[in-house]
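File shown: upload.tsv (TSV, C-alpha atoms).
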chain	number	residue	atom	x	y	z
A	1	MET	CA	101.89	170.03	83.80
A	2	THR	CA	99.54	167.05	83.53
A	3	THR	CA	100.60	163.96	85.47
A	4	THR	CA	99.33	160.65	84.12
A	5	LEU	CA	99.53	157.15	85.55
A	6	ILE	CA	99.14	154.17	83.20
A	7	THR	CA	98.80	150.68	84.66
A	8	GLY	CA	100.45	147.81	82.82
A	9	ALA	CA	102.54	150.29	80.84
A	10	ASN	CA	105.84	148.47	80.37
A	11	LYS	CA	104.74	147.00	77.01
A	12	GLY	CA	101.99	146.88	74.40
A	13	LEU	CA	99.20	149.43	74.38
A	14	GLY	CA	100.23	150.85	77.74
A	15	PHE	CA	103.77	151.52	76.55
A	16	GLU	CA	102.61	153.13	73.30
A	17	THR	CA	100.08	155.26	75.18
A	18	ALA	CA	102.86	156.37	77.53
A	19	ARG	CA	105.13	157.23	74.61
A	20	ARG	CA	102.46	159.35	72.97
A	21	LEU	CA	101.49	161.18	76.15
A	22	VAL	CA	105.11	161.92	77.02
A	23	ALA	CA	105.42	163.44	73.54
A	24	ALA	CA	102.27	165.47	74.26
A	25	GLY	CA	103.90	166.97	77.35
A	26	HIS	CA	102.49	164.80	80.10
A	27	THR	CA	104.55	163.67	83.07
A	28	VAL	CA	103.88	159.94	82.73
A	29	CYS	CA	104.15	157.34	85.48
A	30	ILE	CA	104.77	153.85	84.13
A	31	GLY	CA	102.85	151.47	86.36
A	32	SER	CA	104.37	148.01	86.11
A	33	ARG	CA	104.20	144.86	88.20
A	34	ASP	CA	107.70	143.86	87.03
A	35	ALA	CA	110.17	146.39	88.41
A	36	GLY	CA	112.94	145.63	85.92
A	37	ARG	CA	110.72	145.96	82.85
A	38	GLY	CA	109.00	149.01	84.29
A	39	ARG	CA	112.25	150.84	84.95
A	40	ARG	CA	113.58	150.04	81.50
A	41	ALA	CA	110.38	151.28	79.89
A	42	ALA	CA	110.43	154.48	81.93
A	43	GLU	CA	114.07	155.15	81.09
A	44	GLN	CA	113.41	154.55	77.40
A	45	LEU	CA	110.48	156.97	77.33
A	46	GLY	CA	111.67	159.65	79.73
A	47	ALA	CA	108.92	158.74	82.18
A	48	ARG	CA	108.72	157.85	85.85
A	49	PHE	CA	108.50	154.28	87.12
A	50	VAL	CA	105.96	153.27	89.77
A	51	GLN	CA	105.88	149.68	90.98
A	52	LEU	CA	102.24	148.66	90.74
A	53	ASP	CA	100.55	145.27	90.85
A	54	VAL	CA	96.82	145.90	90.42
A	55	THR	CA	96.00	142.57	92.12
A	56	ASP	CA	97.77	143.53	95.35
A	57	ASP	CA	96.27	145.97	97.86
A	58	ALA	CA	99.61	146.87	99.45
A	59	SER	CA	101.26	147.49	96.09
A	60	VAL	CA	98.46	149.79	94.94
A	61	ALA	CA	98.43	151.70	98.24
A	62	ALA	CA	102.20	152.18	98.09
A	63	ALA	CA	101.95	153.38	94.49
A	64	ALA	CA	99.33	155.96	95.48
A	65	LYS	CA	101.62	157.29	98.21
A	66	THR	CA	104.51	157.52	95.74
A	67	VAL	CA	102.45	159.41	93.16
A	68	GLU	CA	101.05	161.71	95.84
A	69	ALA	CA	104.52	162.49	97.13
A	70	ASP	CA	105.65	163.33	93.60
A	71	GLY	CA	102.96	165.96	93.21
A	72	GLY	CA	99.62	164.26	92.59
A	73	LEU	CA	97.65	162.91	89.65
A	74	ASP	CA	95.50	164.31	86.84
A	75	VAL	CA	94.91	161.34	84.53
A	76	LEU	CA	94.53	157.64	85.30
A	77	VAL	CA	94.59	155.05	82.53
A	78	ASN	CA	93.43	151.62	83.71
A	79	ASN	CA	95.18	149.59	81.05
A	80	ALA	CA	96.43	146.49	82.88
A	81	GLY	CA	94.52	143.40	81.79
A	82	ILE	CA	94.76	139.70	81.07
A	83	GLU	CA	93.06	137.16	78.84
A	84	SER	CA	93.68	133.59	79.97
A	85	ARG	CA	94.18	131.20	77.06
A	86	GLY	CA	94.52	127.45	76.72
A	87	PRO	CA	96.95	125.19	74.83
A	88	GLY	CA	98.14	126.59	71.51
A	89	ASN	CA	96.88	130.04	72.47
A	90	SER	CA	93.30	128.78	72.21
A	91	VAL	CA	90.41	130.79	73.63
A	92	ILE	CA	88.79	129.12	76.64
A	93	GLY	CA	85.11	128.59	75.86
A	94	ALA	CA	82.10	128.00	78.07
A	95	ALA	CA	82.52	124.21	78.26
A	96	ALA	CA	86.05	124.41	79.66
A	97	LEU	CA	85.61	127.50	81.83
A	98	THR	CA	86.02	127.04	85.57
A	99	ALA	CA	85.25	129.38	88.44
A	100	ASP	CA	88.98	129.68	89.16
A	101	MET	CA	89.66	130.81	85.59
A	102	MET	CA	86.90	133.39	85.86
A	103	ARG	CA	88.20	134.58	89.22
A	104	GLU	CA	91.73	134.99	87.89
A	105	THR	CA	90.55	137.14	84.99
A	106	PHE	CA	88.31	139.29	87.17
A	107	GLU	CA	91.07	139.77	89.76
A	108	THR	CA	93.07	141.81	87.26
A	109	ASN	CA	90.49	143.16	84.84
A	110	VAL	CA	87.73	144.10	87.30
A	111	PHE	CA	88.91	144.07	90.91
A	112	GLY	CA	92.20	145.61	89.77
A	113	VAL	CA	90.32	148.56	88.28
A	114	VAL	CA	88.28	149.03	91.46
A	115	ARG	CA	91.38	148.69	93.64
A	116	VAL	CA	93.30	151.32	91.66
A	117	LEU	CA	90.33	153.69	91.48
A	118	HIS	CA	89.75	153.46	95.21
A	119	ALA	CA	93.38	154.32	95.93
A	120	PHE	CA	93.77	157.12	93.39
A	121	LEU	CA	90.37	158.87	93.44
A	122	PRO	CA	91.43	161.12	96.35
A	123	LEU	CA	94.41	162.31	94.28
A	124	LEU	CA	92.31	162.82	91.17
A	125	ALA	CA	89.77	164.81	93.18
A	126	ARG	CA	92.46	167.43	93.83
A	127	SER	CA	93.17	167.89	90.11
A	128	ALA	CA	91.68	170.80	88.19
A	129	ALA	CA	90.84	168.48	85.28
A	130	PRO	CA	90.71	164.83	86.42
A	131	VAL	CA	90.37	162.12	83.79
A	132	VAL	CA	89.98	158.33	83.98
A	133	VAL	CA	90.28	156.07	80.95
A	134	ASN	CA	89.24	152.44	81.42
A	135	VAL	CA	90.55	150.22	78.65
A	136	SER	CA	87.65	147.99	77.66
A	137	SER	CA	87.03	145.91	74.53
A	138	GLY	CA	84.60	145.61	71.66
A	139	LEU	CA	83.90	142.15	73.05
A	140	ALA	CA	82.27	143.86	76.05
A	141	SER	CA	79.31	145.00	73.97
A	142	LEU	CA	76.20	142.88	74.56
A	143	ALA	CA	74.75	144.36	71.38
A	144	HIS	CA	77.73	143.11	69.36
A	145	ALA	CA	77.84	139.72	71.11
A	146	THR	CA	74.22	139.03	70.16
A	147	ASP	CA	74.46	140.29	66.57
A	148	PRO	CA	75.24	137.43	64.14
A	149	ASP	CA	76.59	139.99	61.66
A	150	ASN	CA	79.20	141.31	64.10
A	151	PRO	CA	82.61	139.58	64.46
A	152	ALA	CA	82.20	139.59	68.27
A	153	PHE	CA	79.30	137.15	67.87
A	154	GLY	CA	81.72	134.37	66.95
A	155	TYR	CA	84.11	134.86	69.86
A	156	PRO	CA	83.69	131.79	72.13
A	157	GLY	CA	85.45	133.10	75.24
A	158	VAL	CA	83.50	133.95	78.40
A	159	ALA	CA	85.78	135.34	81.11
A	160	TYR	CA	87.47	138.14	79.16
A	161	PRO	CA	84.37	139.71	77.57
A	162	ALA	CA	82.42	139.33	80.82
A	163	SER	CA	85.17	141.15	82.68
A	164	LYS	CA	85.18	144.00	80.17
A	165	THR	CA	81.38	144.28	80.22
A	166	THR	CA	81.75	144.73	83.96
A	167	VAL	CA	84.37	147.42	83.36
A	168	ASN	CA	81.80	149.23	81.22
A	169	MET	CA	79.30	149.21	84.06
A	170	LEU	CA	81.99	150.41	86.47
A	171	THR	CA	82.65	153.26	84.07
A	172	VAL	CA	79.00	154.31	84.00
A	173	GLN	CA	78.57	154.15	87.76
A	174	TYR	CA	81.81	155.94	88.63
A	175	ALA	CA	81.05	158.65	86.06
A	176	LYS	CA	77.70	159.28	87.75
A	177	ALA	CA	79.28	159.26	91.21
A	178	PHE	CA	82.04	161.71	90.23
A	179	PRO	CA	80.51	164.17	87.75
A	180	ALA	CA	83.50	166.53	87.98
A	181	MET	CA	85.71	163.83	86.45
A	182	ARG	CA	85.80	162.68	82.85
A	183	ILE	CA	85.51	158.88	83.11
A	184	ASN	CA	85.18	156.81	79.94
A	185	ALA	CA	85.65	153.26	78.64
A	186	VAL	CA	87.53	152.82	75.37
A	187	GLU	CA	87.81	150.03	72.81
A	188	PRO	CA	91.30	150.06	71.25
A	189	GLY	CA	90.42	147.48	68.61
A	190	PHE	CA	91.92	144.04	67.94
A	191	THR	CA	95.56	145.01	68.44
A	192	ARG	CA	98.66	142.82	68.13
A	193	THR	CA	99.85	142.45	71.73
A	194	ASP	CA	100.98	139.71	74.10
A	195	LEU	CA	97.44	139.71	75.52
A	196	ASN	CA	96.14	137.85	72.45
A	197	GLY	CA	99.33	136.10	71.44
A	198	ASN	CA	99.97	138.83	68.85
A	199	THR	CA	97.05	137.66	66.74
A	200	GLY	CA	95.52	141.13	66.44
A	201	VAL	CA	94.98	142.86	63.10
A	202	GLN	CA	96.20	146.35	63.94
A	203	THR	CA	99.33	147.95	65.40
A	204	VAL	CA	99.75	149.33	68.90
A	205	GLU	CA	100.03	152.78	67.30
A	206	GLN	CA	96.52	152.35	65.90
A	207	GLY	CA	95.16	150.82	69.09
A	208	ALA	CA	96.53	153.52	71.37
A	209	GLU	CA	94.87	156.31	69.36
A	210	ILE	CA	91.57	156.33	71.26
A	211	ILE	CA	93.25	155.85	74.64
A	212	VAL	CA	95.49	158.86	74.04
A	213	ARG	CA	92.59	160.93	72.75
A	214	MET	CA	90.39	160.25	75.77
A	215	ALA	CA	93.30	160.71	78.18
A	216	GLN	CA	93.44	164.29	76.94
A	217	ALA	CA	89.73	165.00	77.38
A	218	GLY	CA	89.06	168.51	78.64
A	219	ALA	CA	86.87	169.58	81.53
A	220	ASP	CA	83.93	169.89	79.13
A	221	GLY	CA	84.64	166.54	77.44
A	222	PRO	CA	82.37	163.48	77.44
A	223	THR	CA	81.98	161.22	80.45
A	224	GLY	CA	80.31	157.88	81.13
A	225	GLY	CA	80.85	156.80	77.52
A	226	TYR	CA	82.01	153.70	75.65
A	227	VAL	CA	83.89	154.63	72.51
A	228	ASP	CA	86.37	153.53	69.88
A	229	ALA	CA	88.34	155.62	67.38
A	230	ARG	CA	85.24	156.01	65.20
A	231	GLY	CA	82.77	157.08	67.86
A	232	THR	CA	80.25	155.77	70.39
A	233	LEU	CA	79.72	152.02	70.73
A	234	PRO	CA	76.50	150.23	71.73
A	235	TRP	CA	76.49	148.77	75.21
Taking this structure as input, can you express it in the form of structure tokens?
Amino acid sequence: MTTTLITGANKGLGFETARRLVAAGHTVCIGSRDAGRGRRAAEQLGARFVQLDVTDDASVAAAAKTVEADGGLDVLVNNAGIESRGPGNSVIGAAALTADMMRETFETNVFGVVRVLHAFLPLLARSAAPVVVNVSSGLASLAHATDPDNPAFGYPGVAYPASKTTVNMLTVQYAKAFPAMRINAVEPGFTRTDLNGNTGVQTVEQGAEIIVRMAQAGADGPTGGYVDARGTLPW
């Protein structure tokens, strides 16, 4: 049976991805910083709960030991992420951005991904069909950000898209370093979640589609890619 760990899985896209993968027969570990919410989500879905704060080395190391003791890991979904916003849920643009704001975003969205990968790669290496899905964003695309005809062009935020562009590069480099693994970045689309104050235009069911699809990539599946539900995206 395939064992899958999803970070930030107690709500939103992570929760829906967990629900779908449980239905597909995976043994799913709900990674959650909040123990109460994580346990409730796991109980609701018939999944396992793993306390996991991607910003904390000790928490991630303990989670890796727990998952290893329970039998190992086949699929890792790096879903946990934040987008800092200002008053009235406003996006923080370049003029207001501070180094501390940037650091806070990168601590979860970038360093959190590296921290989790470092801890769980040894477990994935023992799997017969290891898969990593890094949840990115369409805002990560430099091609889209510089195209006046693309909606991403008008997004004024800096920290969030920069963090996800970095996640894309991490995806490429890790995929090259571990060719036996299927490692891809996915763009769920502008989904209604707490991340964006529920301003998205699609449901979590729609957003989770590409995450679930890539989490089930076979040994001969793509790797080092950046995709949404419709296909490959430009970097």
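One finds CA of Ala208 in chain A at 5.5 Å from CA of Thr17 in chain A.
Proximity of A:Asp57, A:Glu43, A:Asp34, A:Glu68 to Leu123 in chain A, computed with all atoms listed in the file, is greatest for A:Glu68.
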Which residue gives the smallest distance to Met101 in chain A among A:Ala159, A:Ala64, A:Val50, A:Leu76, with only C-alpha atoms counted?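 Closest residue, counting only C-alpha atoms: A:Ala159.
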Given the choices A:Ala47, A:Ala95, A:Val67, A:Val186, which gets closest to Gly25 in chain A if the distance is worked out from all atoms listed in the file? A:Ala47
If we count only C-alpha atoms and set the cut-off at 6 Å, which residues sit around range 131-139 of chain A, ignoring sequence neighbours fewer than 5 positions away in its own chain? Please answer as an MDAnalysis selection string. chainID A and resid 75:79 152 161 164 181:187
Produce a file of the selected residues containing C-alpha atoms, as a short mmCIF file (atom, residue, chain, number, x, y, z; two decimals), in the frame of the given file.
data_model
loop_
_atom_site.label_atom_id
_atom_site.label_comp_id
_atom_site.auth_asym_id
_atom_site.auth_seq_id
_atom_site.Cartn_x
_atom_site.Cartn_y
_atom_site.Cartn_z
CA VAL A 75 94.91 161.34 84.53
CA LEU A 76 94.53 157.64 85.30
CA VAL A 77 94.59 155.05 82.53
CA ASN A 78 93.43 151.62 83.71
CA ASN A 79 95.18 149.59 81.05
CA ALA A 152 82.20 139.59 68.27
CA PRO A 161 84.37 139.71 77.57
CA LYS A 164 85.18 144.00 80.17
CA MET A 181 85.71 163.83 86.45
CA ARG A 182 85.80 162.68 82.85
CA ILE A 183 85.51 158.88 83.11
CA ASN A 184 85.18 156.81 79.94
CA ALA A 185 85.65 153.26 78.64
CA VAL A 186 87.53 152.82 75.37
CA GLU A 187 87.81 150.03 72.81
#
Out of A:Ala41, A:Ala61, A:Ile6, A:Ala219, which residue has the shortest atom-to-atom distance to Thr27 in chain A when counting all atoms listed in the file?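 Smallest distance to Thr27 in chain A is found for A:Ile6.
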May I have the protein, DNA and RNA residues with any atom at most 9 Å from the point (84.7, 129.0, 75.2), counting all atoms listed in the file, written as a list in words? Val91, Ile92, Gly93, Ala94, Ala95, Ala96, Leu97, Tyr155, Pro156, Gly157, Val158 and Ala159 of chain A
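Note that CA of Ile82 in chain A and CA of Gly38 in chain A are 17.3 Å apart.
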How many Å separate CA of Cys29 in chain A from CA of Asn10 in chain A?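 Taking CA of Cys29 in chain A as the start and CA of Asn10 in chain A as the end point, the length is 10.4 Å.
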I need the residue nearest Val212 in chain A from this list: A:Phe15, A:Phe153, A:Trp235, A:Phe178. Use only C-alpha atoms for the distance.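 Of A:Phe15, A:Phe153, A:Trp235, A:Phe178, the one nearest Val212 in chain A, counting only C-alpha atoms, is A:Phe15.
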If we count all atoms listed in the file, what is near Gln44 in chain A at a cut-off of 12 Å, once residues fewer than 5 positions away on the same chain are taken out, given as a PyMOL selection string? chain A and resi 10-11+15-16+18-19+22+30+37-39+49
Could you check which of A:Asp70, A:Phe106, A:Gln216, A:Thr4 is closest to Leu124 in chain A, using only C-alpha atoms? A:Thr4
Might you pull out every residue within 6 Å of His26 in chain A, with all atoms listed in the file counted and same-chain residues fewer than 3 positions away left off, and present them as a list in words?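 Within the cut-off, the hits are Thr2, Thr3, Leu21 and Val22 of chain A.
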Centre and edge lengths of an axis-aligned box around all listed atoms of range 48-57 of chain A, with 3 Å added on each side, are to be given in Å to one decimal, as AutoDock Vina command-line options.
--center_x 102.4 --center_y 150.2 --center_z 91.9 --size_x 18.7 --size_y 21.3 --size_z 18.0
Got a sec: who's within 6 Å of Gly8 in chain A, counting all atoms listed in the file, leaving out chain neighbours fewer than 4 positions off, as a ChimeraX atom specification? /A:14,31-32,79-80
For range 148-171 of chain A, which lacks atoms in the input, supply N, CA, C and O atoms and format the output as a tab-separated table (two decimals), in the frame of the given file.
chain	number	residue	atom	x	y	z
A	148	PRO	N	74.55	138.41	64.98
A	148	PRO	CA	75.24	137.43	64.14
A	148	PRO	C	76.10	138.06	63.04
A	148	PRO	O	77.00	137.41	62.50
A	149	ASP	N	75.83	139.32	62.71
A	149	ASP	CA	76.59	139.99	61.66
A	149	ASP	C	77.83	140.70	62.20
A	149	ASP	O	78.60	141.27	61.42
A	150	ASN	N	78.03	140.67	63.51
A	150	ASN	CA	79.20	141.31	64.10
A	150	ASN	C	80.27	140.26	64.43
A	150	ASN	O	79.94	139.18	64.91
A	151	PRO	N	81.55	140.55	64.17
A	151	PRO	CA	82.61	139.58	64.46
A	151	PRO	C	82.63	139.11	65.92
A	151	PRO	O	83.03	137.97	66.20
A	152	ALA	N	82.19	139.97	66.85
A	152	ALA	CA	82.20	139.59	68.27
A	152	ALA	C	81.26	138.42	68.54
A	152	ALA	O	81.45	137.68	69.52
A	153	PHE	N	80.26	138.24	67.69
A	153	PHE	CA	79.30	137.15	67.87
A	153	PHE	C	79.99	135.79	67.88
A	153	PHE	O	79.59	134.87	68.60
A	154	GLY	N	81.04	135.65	67.08
A	154	GLY	CA	81.72	134.37	66.95
A	154	GLY	C	82.80	134.11	67.98
A	154	GLY	O	83.39	133.02	67.98
A	155	TYR	N	83.06	135.06	68.85
A	155	TYR	CA	84.11	134.86	69.86
A	155	TYR	C	83.58	133.93	70.96
A	155	TYR	O	82.58	134.25	71.61
A	156	PRO	N	84.24	132.79	71.20
A	156	PRO	CA	83.69	131.79	72.13
A	156	PRO	C	84.06	132.01	73.59
A	156	PRO	O	83.51	131.35	74.48
A	157	GLY	N	85.00	132.90	73.87
A	157	GLY	CA	85.45	133.10	75.24
A	157	GLY	C	84.37	133.70	76.13
A	157	GLY	O	83.45	134.37	75.67
A	158	VAL	N	84.49	133.47	77.43
A	158	VAL	CA	83.50	133.95	78.40
A	158	VAL	C	84.13	134.94	79.38
A	158	VAL	O	83.62	136.05	79.58
A	159	ALA	N	85.22	134.57	80.01
A	159	ALA	CA	85.78	135.34	81.11
A	159	ALA	C	86.22	136.74	80.68
A	159	ALA	O	85.90	137.74	81.34
A	160	TYR	N	86.95	136.84	79.58
A	160	TYR	CA	87.47	138.14	79.16
A	160	TYR	C	86.35	139.12	78.79
A	160	TYR	O	86.31	140.24	79.32
A	161	PRO	N	85.43	138.75	77.88
A	161	PRO	CA	84.37	139.71	77.57
A	161	PRO	C	83.49	140.04	78.76
A	161	PRO	O	83.05	141.18	78.91
A	162	ALA	N	83.23	139.05	79.62
A	162	ALA	CA	82.42	139.33	80.82
A	162	ALA	C	83.12	140.34	81.72
A	162	ALA	O	82.47	141.23	82.30
A	163	SER	N	84.43	140.21	81.84
A	163	SER	CA	85.17	141.15	82.68
A	163	SER	C	85.11	142.56	82.10
A	163	SER	O	84.97	143.55	82.84
A	164	LYS	N	85.19	142.68	80.79
A	164	LYS	CA	85.18	144.00	80.17
A	164	LYS	C	83.77	144.61	80.15
A	164	LYS	O	83.61	145.83	80.23
A	165	THR	N	82.74	143.77	80.07
A	165	THR	CA	81.38	144.28	80.22
A	165	THR	C	81.20	144.86	81.62
A	165	THR	O	80.56	145.91	81.80
A	166	THR	N	81.81	144.21	82.60
A	166	THR	CA	81.75	144.73	83.96
A	166	THR	C	82.50	146.06	84.07
A	166	THR	O	82.05	146.99	84.76
A	167	VAL	N	83.63	146.16	83.39
A	167	VAL	CA	84.37	147.42	83.36
A	167	VAL	C	83.51	148.54	82.78
A	167	VAL	O	83.53	149.69	83.25
A	168	ASN	N	82.70	148.22	81.78
A	168	ASN	CA	81.80	149.23	81.22
A	168	ASN	C	80.80	149.72	82.25
A	168	ASN	O	80.51	150.92	82.35
A	169	MET	N	80.24	148.80	83.02
A	169	MET	CA	79.30	149.21	84.06
A	169	MET	C	80.00	150.02	85.15
A	169	MET	O	79.45	151.02	85.64
A	170	LEU	N	81.21	149.63	85.51
A	170	LEU	CA	81.99	150.41	86.47
A	170	LEU	C	82.16	151.84	85.95
A	170	LEU	O	82.02	152.81	86.71
A	171	THR	N	82.45	151.95	84.68
A	171	THR	CA	82.65	153.26	84.07
A	171	THR	C	81.41	154.13	84.21
A	171	THR	O	81.49	155.30	84.61
